[in-house]
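Novice: The structure file protein07.tsv (TSV, C-alpha atoms) is provided below.
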chain	number	residue	atom	x	y	z
A	1	MET	CA	-11.84	-61.23	-21.11
A	2	ILE	CA	-11.02	-59.86	-17.66
A	3	PHE	CA	-11.17	-56.19	-18.66
A	4	SER	CA	-14.31	-54.30	-19.73
A	5	ARG	CA	-14.93	-51.00	-21.47
A	6	THR	CA	-16.07	-48.08	-19.29
A	7	GLY	CA	-16.10	-44.27	-19.30
A	8	ASN	CA	-13.13	-41.88	-19.00
A	9	ILE	CA	-10.73	-41.34	-16.04
A	10	ARG	CA	-12.88	-40.93	-13.00
A	11	ALA	CA	-12.80	-41.17	-9.25
A	12	GLY	CA	-14.40	-44.43	-8.22
A	13	GLY	CA	-14.45	-45.54	-4.61
A	14	GLY	CA	-12.23	-42.58	-3.73
A	15	ARG	CA	-9.48	-43.25	-6.30
A	16	LYS	CA	-8.79	-42.38	-9.91
A	17	ARG	CA	-8.61	-45.11	-12.53
A	18	LEU	CA	-6.97	-45.19	-15.91
A	19	HIS	CA	-9.17	-44.95	-18.98
A	20	ASP	CA	-8.44	-44.93	-22.70
A	21	VAL	CA	-4.65	-44.96	-22.40
A	22	PHE	CA	-4.44	-47.50	-25.22
A	23	HIS	CA	-4.15	-44.81	-27.88
A	24	SER	CA	-1.38	-43.13	-25.89
A	25	ILE	CA	0.52	-46.42	-25.65
A	26	ILE	CA	0.27	-47.34	-29.33
A	27	SER	CA	0.71	-43.85	-30.78
A	28	LEU	CA	3.58	-43.46	-33.24
A	29	GLU	CA	5.02	-40.71	-31.06
A	30	ASN	CA	5.15	-43.00	-28.02
A	31	LEU	CA	6.49	-45.97	-30.00
A	32	LEU	CA	9.31	-43.83	-31.44
A	33	ALA	CA	10.15	-42.38	-28.01
A	34	ALA	CA	10.11	-45.90	-26.55
A	35	TYR	CA	12.49	-47.07	-29.28
A	36	GLU	CA	14.97	-44.30	-28.50
A	37	GLU	CA	14.93	-45.29	-24.83
A	38	PHE	CA	15.22	-48.98	-25.63
A	39	VAL	CA	18.23	-48.72	-27.96
A	40	ARG	CA	20.46	-46.79	-25.54
A	41	GLY	CA	23.56	-48.90	-25.11
A	42	LYS	CA	22.26	-51.53	-27.54
A	43	ARG	CA	22.86	-49.98	-30.98
A	44	ASN	CA	25.74	-52.36	-31.78
A	45	ARG	CA	23.69	-55.50	-31.20
A	46	ALA	CA	22.84	-57.45	-34.34
A	47	ASP	CA	19.09	-57.84	-33.67
A	48	VAL	CA	18.73	-54.14	-32.87
A	49	GLN	CA	20.63	-53.13	-36.00
A	50	LEU	CA	18.47	-55.42	-38.13
A	51	PHE	CA	15.29	-53.89	-36.71
A	52	GLY	CA	16.71	-50.41	-37.21
A	53	LEU	CA	17.43	-50.95	-40.90
A	54	HIS	CA	13.70	-50.56	-41.61
A	55	LEU	CA	12.78	-48.72	-38.44
A	56	MET	CA	9.74	-46.77	-39.62
A	57	ASP	CA	8.32	-49.72	-41.54
A	58	ASN	CA	8.66	-51.91	-38.46
A	59	ILE	CA	7.12	-49.32	-36.12
A	60	LEU	CA	4.26	-48.62	-38.54
A	61	ALA	CA	3.58	-52.34	-38.84
A	62	LEU	CA	3.57	-52.74	-35.05
A	63	HIS	CA	1.28	-49.73	-34.66
A	64	GLN	CA	-1.16	-51.16	-37.21
A	65	GLU	CA	-1.20	-54.59	-35.54
A	66	LEU	CA	-1.92	-52.99	-32.18
A	67	LYS	CA	-4.58	-50.72	-33.63
A	68	ASN	CA	-6.31	-53.65	-35.32
A	69	LYS	CA	-5.70	-55.88	-32.29
A	70	THR	CA	-3.98	-58.52	-34.40
A	71	TYR	CA	-0.74	-58.24	-32.42
A	72	THR	CA	0.73	-61.40	-30.92
A	73	HIS	CA	3.81	-61.59	-28.72
A	74	SER	CA	6.76	-63.55	-30.11
A	75	THR	CA	8.43	-66.44	-28.30
A	76	TYR	CA	11.27	-65.84	-25.86
A	77	GLU	CA	14.94	-66.70	-26.13
A	78	ALA	CA	16.02	-68.34	-22.86
A	79	PHE	CA	19.50	-68.21	-21.35
A	80	HIS	CA	21.03	-68.56	-17.88
A	81	ILE	CA	23.17	-66.31	-15.72
A	82	SER	CA	24.73	-66.53	-12.25
A	83	ASP	CA	24.32	-63.23	-10.42
A	84	PRO	CA	25.32	-64.62	-7.89
A	85	LYS	CA	22.74	-67.40	-7.88
A	86	PRO	CA	21.58	-69.13	-11.09
A	87	ARG	CA	18.74	-67.34	-12.88
A	88	SER	CA	16.83	-68.02	-16.08
A	89	ILE	CA	16.43	-64.95	-18.27
A	90	HIS	CA	13.89	-64.84	-21.08
A	91	LYS	CA	14.67	-62.33	-23.82
A	92	ALA	CA	11.88	-61.04	-26.05
A	93	SER	CA	12.31	-59.88	-29.65
A	94	VAL	CA	13.29	-56.27	-30.38
A	95	ARG	CA	9.75	-55.49	-31.53
A	96	ASP	CA	8.25	-56.83	-28.31
A	97	ARG	CA	10.80	-55.13	-26.08
A	98	LEU	CA	10.07	-51.84	-27.83
A	99	LEU	CA	6.39	-52.35	-27.00
A	100	HIS	CA	7.25	-53.14	-23.37
A	101	HIS	CA	8.98	-49.77	-23.16
A	102	ALA	CA	5.98	-48.07	-24.75
A	103	ILE	CA	3.63	-49.62	-22.17
A	104	TYR	CA	5.99	-48.79	-19.32
A	105	ARG	CA	6.30	-45.12	-20.36
A	106	ILE	CA	2.55	-44.61	-20.06
A	107	LEU	CA	1.64	-46.84	-17.10
A	108	TYR	CA	4.59	-46.32	-14.75
A	109	PRO	CA	3.81	-42.68	-13.80
A	110	TYR	CA	0.27	-43.66	-12.77
A	111	PHE	CA	1.16	-46.77	-10.78
A	112	ASP	CA	4.19	-45.23	-9.09
A	113	THR	CA	1.84	-42.85	-7.25
A	114	LYS	CA	-0.03	-45.88	-5.86
A	115	PHE	CA	3.03	-47.56	-4.34
A	116	ILE	CA	4.06	-47.07	-0.73
A	117	HIS	CA	7.10	-44.94	0.02
A	118	ASP	CA	9.19	-47.86	1.26
A	119	SER	CA	9.00	-50.00	-1.88
A	120	TYR	CA	12.43	-49.53	-3.47
A	121	SER	CA	12.84	-51.93	-6.42
A	122	CYS	CA	12.79	-50.64	-10.02
A	123	ARG	CA	11.48	-47.19	-9.17
A	124	LEU	CA	12.82	-43.74	-10.00
A	125	ASN	CA	14.79	-42.15	-7.15
A	126	LYS	CA	14.76	-45.38	-5.15
A	127	GLY	CA	17.15	-48.36	-5.46
A	128	THR	CA	19.26	-50.50	-3.13
A	129	HIS	CA	21.31	-47.71	-1.55
A	130	ARG	CA	18.27	-45.69	-0.55
A	131	ALA	CA	16.66	-48.84	0.80
A	132	MET	CA	19.75	-49.58	2.91
A	133	ASN	CA	19.88	-46.02	4.24
A	134	ARG	CA	16.20	-46.22	5.11
A	135	PHE	CA	16.84	-49.51	6.91
A	136	LYS	CA	19.63	-47.83	8.89
A	137	ALA	CA	17.30	-44.96	9.84
A	138	PHE	CA	14.58	-47.41	10.93
A	139	THR	CA	16.92	-49.49	13.08
A	140	ARG	CA	18.24	-46.36	14.79
A	141	LYS	CA	14.71	-45.26	15.62
A	142	VAL	CA	13.68	-48.68	16.90
A	143	SER	CA	16.87	-49.15	18.95
A	144	LYS	CA	16.73	-45.59	20.33
A	145	ASN	CA	20.16	-44.90	18.81
A	146	THR	CA	21.48	-48.36	19.68
A	147	THR	CA	20.48	-48.17	23.37
A	148	LYS	CA	17.89	-50.94	23.02
A	149	THR	CA	17.81	-54.32	21.28
A	150	CYS	CA	16.50	-54.11	17.71
A	151	TRP	CA	14.86	-57.23	16.27
A	152	VAL	CA	14.61	-57.76	12.53
A	153	LEU	CA	12.31	-60.05	10.57
A	154	LYS	CA	13.82	-60.80	7.16
A	155	CYS	CA	11.80	-62.67	4.50
A	156	ASP	CA	12.17	-63.76	0.91
A	157	ILE	CA	9.51	-65.18	-1.43
A	158	ARG	CA	10.13	-68.60	-2.94
A	159	LYS	CA	10.53	-68.59	-6.76
A	160	PHE	CA	9.08	-65.11	-6.93
A	161	PHE	CA	8.79	-64.36	-10.66
A	162	ALA	CA	7.89	-67.97	-11.50
A	163	SER	CA	5.08	-67.97	-8.91
A	164	ILE	CA	3.16	-64.87	-10.00
A	165	ASP	CA	-0.45	-65.92	-10.67
A	166	GLN	CA	-1.47	-64.32	-13.96
A	167	GLU	CA	-5.21	-64.36	-13.29
A	168	ILE	CA	-4.74	-62.59	-9.95
A	169	LEU	CA	-2.40	-60.07	-11.58
A	170	LEU	CA	-4.92	-59.26	-14.32
A	171	LYS	CA	-7.67	-58.81	-11.72
A	172	ILE	CA	-5.45	-56.38	-9.82
A	173	LEU	CA	-4.80	-54.47	-13.04
A	174	LYS	CA	-8.54	-54.35	-13.70
A	175	LYS	CA	-9.05	-52.44	-10.45
A	176	HIS	CA	-6.99	-49.62	-11.90
A	177	ILE	CA	-7.54	-49.84	-15.66
A	178	GLN	CA	-11.12	-49.57	-16.84
A	179	ASP	CA	-10.23	-49.87	-20.50
A	180	GLU	CA	-10.95	-52.92	-22.65
A	181	ASP	CA	-8.24	-52.18	-25.23
A	182	THR	CA	-5.47	-51.68	-22.69
A	183	GLY	CA	-6.74	-54.76	-20.90
A	184	TRP	CA	-6.48	-56.75	-24.12
A	185	LEU	CA	-2.88	-55.61	-24.60
A	186	LEU	CA	-1.83	-56.37	-21.02
A	187	GLU	CA	-3.35	-59.84	-21.30
A	188	ARG	CA	-1.23	-60.43	-24.41
A	189	ILE	CA	1.89	-59.38	-22.51
A	190	VAL	CA	1.16	-61.26	-19.27
A	191	GLN	CA	0.04	-64.46	-21.02
A	192	SER	CA	2.98	-64.47	-23.46
A	193	PHE	CA	4.98	-66.48	-20.93
A	194	HIS	CA	4.56	-69.22	-18.37
A	195	SER	CA	7.08	-70.77	-16.01
A	196	GLY	CA	6.24	-74.40	-16.76
A	197	VAL	CA	2.74	-74.17	-15.31
A	198	GLU	CA	0.01	-72.58	-17.41
A	199	GLY	CA	-1.12	-69.26	-15.95
A	200	LYS	CA	1.95	-68.87	-13.73
A	201	GLY	CA	4.99	-66.65	-13.92
A	202	LEU	CA	6.47	-63.52	-15.44
A	203	PRO	CA	9.75	-63.49	-17.39
A	204	LEU	CA	12.91	-62.08	-15.88
A	205	GLY	CA	14.12	-59.74	-18.59
A	206	ASN	CA	10.95	-57.85	-19.54
A	207	LEU	CA	10.80	-54.19	-18.53
A	208	THR	CA	7.06	-54.64	-18.03
A	209	SER	CA	7.74	-57.48	-15.57
A	210	GLN	CA	9.49	-55.03	-13.24
A	211	LEU	CA	6.39	-52.87	-13.12
A	212	LEU	CA	3.94	-55.77	-12.96
A	213	VAL	CA	5.60	-57.45	-9.96
A	214	ASN	CA	5.52	-54.13	-8.10
A	215	ILE	CA	1.81	-53.82	-8.89
A	216	TYR	CA	1.31	-57.40	-7.68
A	217	MET	CA	3.27	-56.92	-4.45
A	218	ASN	CA	1.66	-53.55	-3.80
A	219	GLU	CA	-1.34	-55.57	-2.57
A	220	PHE	CA	0.94	-57.01	0.10
A	221	ASP	CA	2.51	-53.62	0.87
A	222	GLN	CA	-0.92	-52.09	1.45
A	223	PHE	CA	-1.87	-55.02	3.71
A	224	ILE	CA	1.29	-54.54	5.78
A	225	LYS	CA	0.96	-50.77	6.08
A	226	HIS	CA	-2.80	-50.22	6.33
A	227	LYS	CA	-4.23	-53.47	7.71
A	228	LEU	CA	-1.45	-54.53	10.06
A	229	LYS	CA	-0.26	-50.94	10.66
A	230	ILE	CA	3.42	-51.93	10.46
A	231	LYS	CA	5.54	-48.78	10.56
A	232	TYR	CA	9.08	-50.03	10.01
A	233	TYR	CA	8.76	-52.10	6.83
A	234	ILE	CA	10.91	-52.03	3.67
A	235	ARG	CA	10.54	-54.10	0.51
A	236	TYR	CA	12.94	-54.51	-2.40
A	237	ALA	CA	11.43	-56.88	-5.01
A	238	ASP	CA	10.74	-60.11	-3.08
A	239	ASP	CA	13.02	-59.27	-0.12
A	240	PHE	CA	11.48	-57.44	2.80
A	241	VAL	CA	12.37	-56.55	6.37
A	242	VAL	CA	10.41	-55.45	9.43
A	243	THR	CA	12.04	-54.04	12.56
A	244	SER	CA	10.71	-53.97	16.11
A	245	ILE	CA	11.89	-53.75	19.69
A	246	TYR	CA	9.95	-56.93	20.52
A	247	ARG	CA	10.74	-60.40	19.17
A	248	SER	CA	7.17	-61.49	19.98
A	249	ASP	CA	5.87	-58.95	17.43
A	250	MET	CA	7.95	-60.60	14.73
A	251	GLU	CA	6.79	-64.11	15.63
A	252	GLU	CA	3.11	-63.10	15.51
A	253	LEU	CA	3.63	-61.31	12.21
A	254	VAL	CA	5.02	-64.32	10.33
A	255	SER	CA	1.77	-66.32	10.36
A	256	LYS	CA	-0.24	-63.28	9.20
A	257	ILE	CA	2.19	-62.68	6.35
A	258	GLU	CA	2.16	-66.32	5.29
A	259	SER	CA	-1.65	-66.44	5.28
A	260	PHE	CA	-2.05	-63.28	3.20
A	261	LEU	CA	0.56	-64.29	0.64
A	262	LYS	CA	-0.89	-67.77	0.24
A	263	GLU	CA	-4.58	-66.83	0.17
A	264	GLU	CA	-4.47	-63.55	-1.74
A	265	LEU	CA	-1.41	-63.83	-4.01
A	266	LYS	CA	-0.64	-67.59	-4.09
A	267	LEU	CA	2.94	-66.96	-2.96
A	268	GLU	CA	5.06	-68.70	-0.34
A	269	LEU	CA	7.85	-67.50	1.92
A	270	HIS	CA	11.19	-69.21	1.36
A	271	PRO	CA	11.67	-71.27	4.56
A	272	ASP	CA	15.48	-71.14	4.31
A	273	LYS	CA	15.54	-67.35	3.97
A	274	LEU	CA	13.22	-66.42	6.82
A	275	PHE	CA	14.81	-65.38	10.08
A	276	ILE	CA	14.24	-63.29	13.18
A	277	LYS	CA	17.45	-62.01	14.71
A	278	THR	CA	18.96	-59.03	16.46
A	279	LEU	CA	20.64	-56.30	14.47
A	280	ALA	CA	23.71	-56.75	16.68
A	281	SER	CA	24.17	-60.30	15.33
A	282	GLY	CA	24.27	-59.01	11.73
A	283	VAL	CA	21.38	-58.83	9.25
A	284	ASP	CA	22.01	-59.79	5.62
A	285	PHE	CA	19.96	-57.45	3.42
A	286	LEU	CA	20.58	-56.32	-0.17
A	287	GLY	CA	24.13	-57.61	-0.45
A	288	TRP	CA	25.40	-56.14	2.82
A	289	VAL	CA	25.46	-57.44	6.40
A	290	HIS	CA	24.09	-54.70	8.65
A	291	PHE	CA	25.12	-54.02	12.25
A	292	PRO	CA	24.06	-51.23	14.65
A	293	ASP	CA	26.90	-48.88	13.71
A	294	HIS	CA	28.24	-50.20	10.40
A	295	ARG	CA	27.69	-52.58	7.49
A	296	VAL	CA	30.07	-54.88	5.64
A	297	LEU	CA	29.90	-56.46	2.22
A	298	ARG	CA	28.32	-59.90	2.09
A	299	THR	CA	30.98	-62.61	1.69
A	300	VAL	CA	29.53	-63.93	-1.58
A	301	THR	CA	29.36	-60.41	-3.03
A	302	LYS	CA	32.92	-59.69	-1.92
A	303	ARG	CA	34.26	-62.87	-3.55
A	304	LYS	CA	32.44	-62.10	-6.77
A	305	MET	CA	33.82	-58.55	-6.83
A	306	LEU	CA	37.39	-59.72	-6.14
A	307	LYS	CA	37.15	-62.34	-8.90
A	308	LYS	CA	35.86	-59.78	-11.38
A	309	PHE	CA	38.50	-57.24	-10.35
A	310	SER	CA	41.31	-59.81	-10.75
A	311	CYS	CA	40.28	-60.29	-14.40
A	312	ASP	CA	39.48	-56.69	-15.22
A	313	VAL	CA	41.46	-53.72	-13.87
A	314	SER	CA	40.08	-51.19	-16.34
A	315	LYS	CA	39.07	-47.69	-15.24
A	316	GLU	CA	35.42	-48.73	-15.47
A	317	SER	CA	36.00	-51.75	-13.23
A	318	VAL	CA	37.88	-49.66	-10.65
A	319	ALA	CA	35.11	-47.05	-10.66
A	320	SER	CA	32.48	-49.77	-10.22
A	321	CYS	CA	34.34	-51.27	-7.24
A	322	ARG	CA	34.83	-47.86	-5.64
A	323	GLY	CA	31.16	-47.05	-6.08
A	324	LEU	CA	30.08	-50.31	-4.48
A	325	LEU	CA	32.52	-50.15	-1.57
A	326	GLY	CA	31.64	-46.54	-0.88
A	327	HIS	CA	28.30	-47.60	0.57
A	328	GLY	CA	29.70	-49.43	3.59
A	329	ASN	CA	32.66	-50.05	5.87
A	330	SER	CA	35.29	-51.42	3.53
A	331	TYR	CA	38.66	-49.87	4.45
A	332	LYS	CA	40.52	-53.20	4.70
A	333	LEU	CA	39.02	-54.45	1.43
A	334	ARG	CA	39.82	-51.21	-0.38
A	335	LYS	CA	43.39	-51.38	0.92
A	336	ARG	CA	43.67	-55.03	-0.20
A	337	ILE	CA	42.84	-54.18	-3.80
A	338	MET	CA	44.62	-50.79	-3.67
A	339	LEU	CA	41.56	-48.61	-4.30
Could I get this structure in the form of structure tokens?
Specialist:
Amino acid sequence: MIFSRTGNIRAGGGRKRLHDVFHSIISLENLLAAYEEFVRGKRNRADVQLFGLHLMDNILALHQELKNKTYTHSTYEAFHISDPKPRSIHKASVRDRLLHHAIYRILYPYFDTKFIHDSYSCRLNKGTHRAMNRFKAFTRKVSKNTTKTCWVLKCDIRKFFASIDQEILLKILKKHIQDEDTGWLLERIVQSFHSGVEGKGLPLGNLTSQLLVNIYMNEFDQFIKHKLKIKYYIRYADDFVVTSIYRSDMEELVSKIESFLKEELKLELHPDKLFIKTLASGVDFLGWVHFPDHRVLRTVTKRKMLKKFSCDVSKESVASCRGLLGHGNSYKLRKRIML
């Protein structure tokens, strides 16, 4: 057991730690609130309707299993999507997904305060558009309003979700959660899945996975910001960029990044998705290619949107296209599809 029982919330080593949140997570009030959040947009799905037929019985049974610590996570249903690259999604049962929401509701507010400002994935009031606007602001500062060359280091982690080391993740969680019961529950969640290698991976599809990977990568964020003192750094999931006026800074940084990821988190940079280039040559980040004074939609994203639009010209589809194209320079594309 990685977690151990300690006293209540306290400042240890200059920071507060979570204690005794288990009862908040498994309370009937939290489980019911989590269910209401979970079912939004899903009420017509057969598995959700089946669970809802005996909702209180199912929630009471889950609460009792958690209270008695007899709960076990069910197996996952696997399926594949292309968005735009092939991905394997693992879908948990309704009961387990409800519990993921219950955990998330209690733990997210605490951990969100620990994350750096420029981590943008799966966080309230963040997202891709804010990340892109922040990137634009950074490049303008570095380039002195486009009067100097701006260099960008762009990196991506190889097989990100599949490579998360569960033992390391649980040790990171232990630094924040001094609570044996919550530790027991998180171990059940983390160890409910592996990506073909025992002790490795988190499932794409779990709400808790979104939080857990941010907790995992926060170790890297803190290293970048506080150890290396990198000012112009942005991360969205496993994609991250650093900007500088000097190419030599970027070249020196790569080896330090690779060493930390390998030694501390057992992760590797994707060699085919690592580059150092000038902003003027175009930097592909978060679906858009960025230039000093504009950005254009990535070719793959544009083709996917055009294909979808050709098959679906509903009001919702038009609104979606307009929303996407509104975040960059897309006059010719908008004119082509008459938006």
Novice: Could you jot down the CA of Ile234 (chain A) to CA of Lys85 (chain A) separation for me, Å, one decimal place?
Specialist: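 Distance between the two atoms: 22.6 Å.
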Novice: Could you tell me how far CA of Thr243 (chain A) sits from CA of Lys277 (chain A), in Å to one decimal place?
Specialist: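 If I compute the distance from CA of Lys277 (chain A) to CA of Thr243 (chain A), I get 9.9 Å.
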Novice: Neighbouring residues of Ser143 (chain A) were defined as those with any atom within 12 Å, considering all atoms listed in the file; residues of the same chain fewer than 5 positions away were excluded. Please report them as a ChimeraX atom specification.
Specialist: /A:136-138,148-152,232,243-246,278-280,291-293
Novice: Produce a file of the selected residues containing C-alpha atoms, as a compact mmCIF listing (two decimals), in the frame of the given file.
Specialist:
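Written output follows (again_12.txt):
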# COMPACT_ATOMS: atom_id res chain seq x y z
CA LYS A 136 19.63 -47.83 8.89
CA ALA A 137 17.30 -44.96 9.84
CA PHE A 138 14.58 -47.41 10.93
CA LYS A 148 17.89 -50.94 23.02
CA THR A 149 17.81 -54.32 21.28
CA CYS A 150 16.50 -54.11 17.71
CA TRP A 151 14.86 -57.23 16.27
CA VAL A 152 14.61 -57.76 12.53
CA TYR A 232 9.08 -50.03 10.01
CA THR A 243 12.04 -54.04 12.56
CA SER A 244 10.71 -53.97 16.11
CA ILE A 245 11.89 -53.75 19.69
CA TYR A 246 9.95 -56.93 20.52
CA THR A 278 18.96 -59.03 16.46
CA LEU A 279 20.64 -56.30 14.47
CA ALA A 280 23.71 -56.75 16.68
CA PHE A 291 25.12 -54.02 12.25
CA PRO A 292 24.06 -51.23 14.65
CA ASP A 293 26.90 -48.88 13.71
Novice: Restricting the calculation to all atoms listed in the file, which member of A:Phe220, A:Asp238, A:Asp118, A:Phe285 is positioned closest to Ile257 (chain A)?
Specialist: A:Phe220
Novice: Provide the CA of Val94 (chain A) to CA of Phe51 (chain A) distance in Å, to one decimal place.
Specialist: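 The value is 7.1 Å.
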Novice: If you count only C-alpha atoms, which residues fall within 10 Å of Phe22 (chain A), apart from same-chain ones fewer than 3 positions away, as an MDAnalysis selection string?
Specialist: chainID A and resid 18:19 25:27 66:67 103 106 179:185
Novice: Please, could you write that set of residues out with C-alpha atoms as a short mmCIF file (atom, residue, chain, number, x, y, z; two decimals), keeping the file's coordinate frame?
Specialist:
data_model
loop_
_atom_site.label_atom_id
_atom_site.label_comp_id
_atom_site.auth_asym_id
_atom_site.auth_seq_id
_atom_site.Cartn_x
_atom_site.Cartn_y
_atom_site.Cartn_z
CA LEU A 18 -6.97 -45.19 -15.91
CA HIS A 19 -9.17 -44.95 -18.98
CA ILE A 25 0.52 -46.42 -25.65
CA ILE A 26 0.27 -47.34 -29.33
CA SER A 27 0.71 -43.85 -30.78
CA LEU A 66 -1.92 -52.99 -32.18
CA LYS A 67 -4.58 -50.72 -33.63
CA ILE A 103 3.63 -49.62 -22.17
CA ILE A 106 2.55 -44.61 -20.06
CA ASP A 179 -10.23 -49.87 -20.50
CA GLU A 180 -10.95 -52.92 -22.65
CA ASP A 181 -8.24 -52.18 -25.23
CA THR A 182 -5.47 -51.68 -22.69
CA GLY A 183 -6.74 -54.76 -20.90
CA TRP A 184 -6.48 -56.75 -24.12
CA LEU A 185 -2.88 -55.61 -24.60
#
Novice: Pick out the residues sitting within 9 Å of Gly201 (chain A), and hand them over as a ChimeraX atom specification; count only C-alpha atoms, and ignore anything fewer than 2 positions along from it in its own chain.
Specialist: /A:160-166,190-191,193-199,203
Novice: Choose the residue, out of A:Asp221, A:Glu36, A:Glu251, A:Glu263, that has the smallest atom-to-atom separation from Ile168 (chain A); count all atoms listed in the file.
Specialist: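 Using all atoms listed in the file, Ile168 (chain A) sits closest to A:Glu263.
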Novice: Between A:Ser24, A:Thr128, A:Ser74, A:Thr146, which has the minimum distance to Arg97 (chain A) (counting all atoms listed in the file)?
Specialist: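 Of A:Ser24, A:Thr128, A:Ser74, A:Thr146, the one nearest Arg97 (chain A) is A:Ser74, counting all atoms listed in the file.
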Novice: Given all atoms listed in the file as the basis, pick out the residue of A:His101, A:Lys91, A:Lys175, A:Lys266 nearest to Leu204 (chain A).
Specialist: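 Under the stated criterion, the closest residue is A:Lys91.
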Novice: Of the candidates A:Leu202, A:Ile116, A:Val289, A:Ile177, which one gets nearest to Asn218 (chain A) if we count only C-alpha atoms?
Specialist: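 The closest residue to Asn218 (chain A) is A:Ile116.
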Novice: Calculate, to one decimal in Å, the centre and edge lengths of the box along x, y and z of the file that holds all listed atoms of region 247-263 of chain A with 5 Å of margin on each side, and present them as lines of an AutoDock Vina configuration file.
Specialist:
center_x = 3.1
center_y = -63.4
center_z = 10.1
size_x = 25.3
size_y = 18.8
size_z = 29.8
Novice: Please list, as a list in words, the residues that have an atom at most 10 Å away from (4.7, -68.7, 8.9) in the coordinates of this file, counting all atoms listed in the file.
Specialist: Glu251, Glu252, Leu253, Val254, Ser255, Lys256, Ile257, Glu258, Ser259, Glu268, Leu269, His270, Pro271 and Leu274 of chain A
Novice: Taking into account all atoms listed in the file, which residue in the set A:Gln49, A:Asn58, A:Ser88, A:Ser192 is nearest to Gly205 (chain A)?
Specialist: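 Checking each of A:Gln49, A:Asn58, A:Ser88, A:Ser192 against Gly205 (chain A), counting all atoms listed in the file, the winner is A:Ser88.
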Novice: Mind completing region 276-289 of chain A with N, CA and C atoms? Output as a CSV table (one decimal), in the coordinates of the input, please?
Specialist:
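As a result, result-v5.csv now contains:
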chain,number,residue,atom,x,y,z
A,276,ILE,N,14.5,-64.4,12.2
A,276,ILE,CA,14.2,-63.3,13.2
A,276,ILE,C,15.5,-63.2,14.0
A,277,LYS,N,16.2,-62.1,14.0
A,277,LYS,CA,17.4,-62.0,14.7
A,277,LYS,C,17.7,-60.6,15.1
A,278,THR,N,18.6,-60.4,16.0
A,278,THR,CA,19.0,-59.0,16.5
A,278,THR,C,19.9,-58.4,15.4
A,279,LEU,N,19.8,-57.1,15.4
A,279,LEU,CA,20.6,-56.3,14.5
A,279,LEU,C,22.1,-56.5,14.9
A,280,ALA,N,22.3,-56.6,16.2
A,280,ALA,CA,23.7,-56.8,16.7
A,280,ALA,C,24.4,-58.0,16.2
A,281,SER,N,23.6,-59.0,15.8
A,281,SER,CA,24.2,-60.3,15.3
A,281,SER,C,24.5,-60.2,13.8
A,282,GLY,N,24.0,-59.2,13.2
A,282,GLY,CA,24.3,-59.0,11.7
A,282,GLY,C,23.1,-59.5,10.9
A,283,VAL,N,22.5,-58.5,10.1
A,283,VAL,CA,21.4,-58.8,9.2
A,283,VAL,C,21.8,-58.7,7.8
A,284,ASP,N,21.7,-59.8,7.0
A,284,ASP,CA,22.0,-59.8,5.6
A,284,ASP,C,20.8,-59.2,4.8
A,285,PHE,N,21.0,-58.1,4.2
A,285,PHE,CA,20.0,-57.4,3.4
A,285,PHE,C,20.6,-56.7,2.3
A,286,LEU,N,20.2,-57.0,1.1
A,286,LEU,CA,20.6,-56.3,-0.2
A,286,LEU,C,22.1,-56.3,-0.4
A,287,GLY,N,22.7,-57.5,-0.1
A,287,GLY,CA,24.1,-57.6,-0.4
A,287,GLY,C,25.1,-57.2,0.6
A,288,TRP,N,24.6,-56.6,1.7
A,288,TRP,CA,25.4,-56.1,2.8
A,288,TRP,C,24.9,-56.8,4.1
A,289,VAL,N,25.8,-57.0,5.1
A,289,VAL,CA,25.5,-57.4,6.4
A,289,VAL,C,25.5,-56.2,7.3
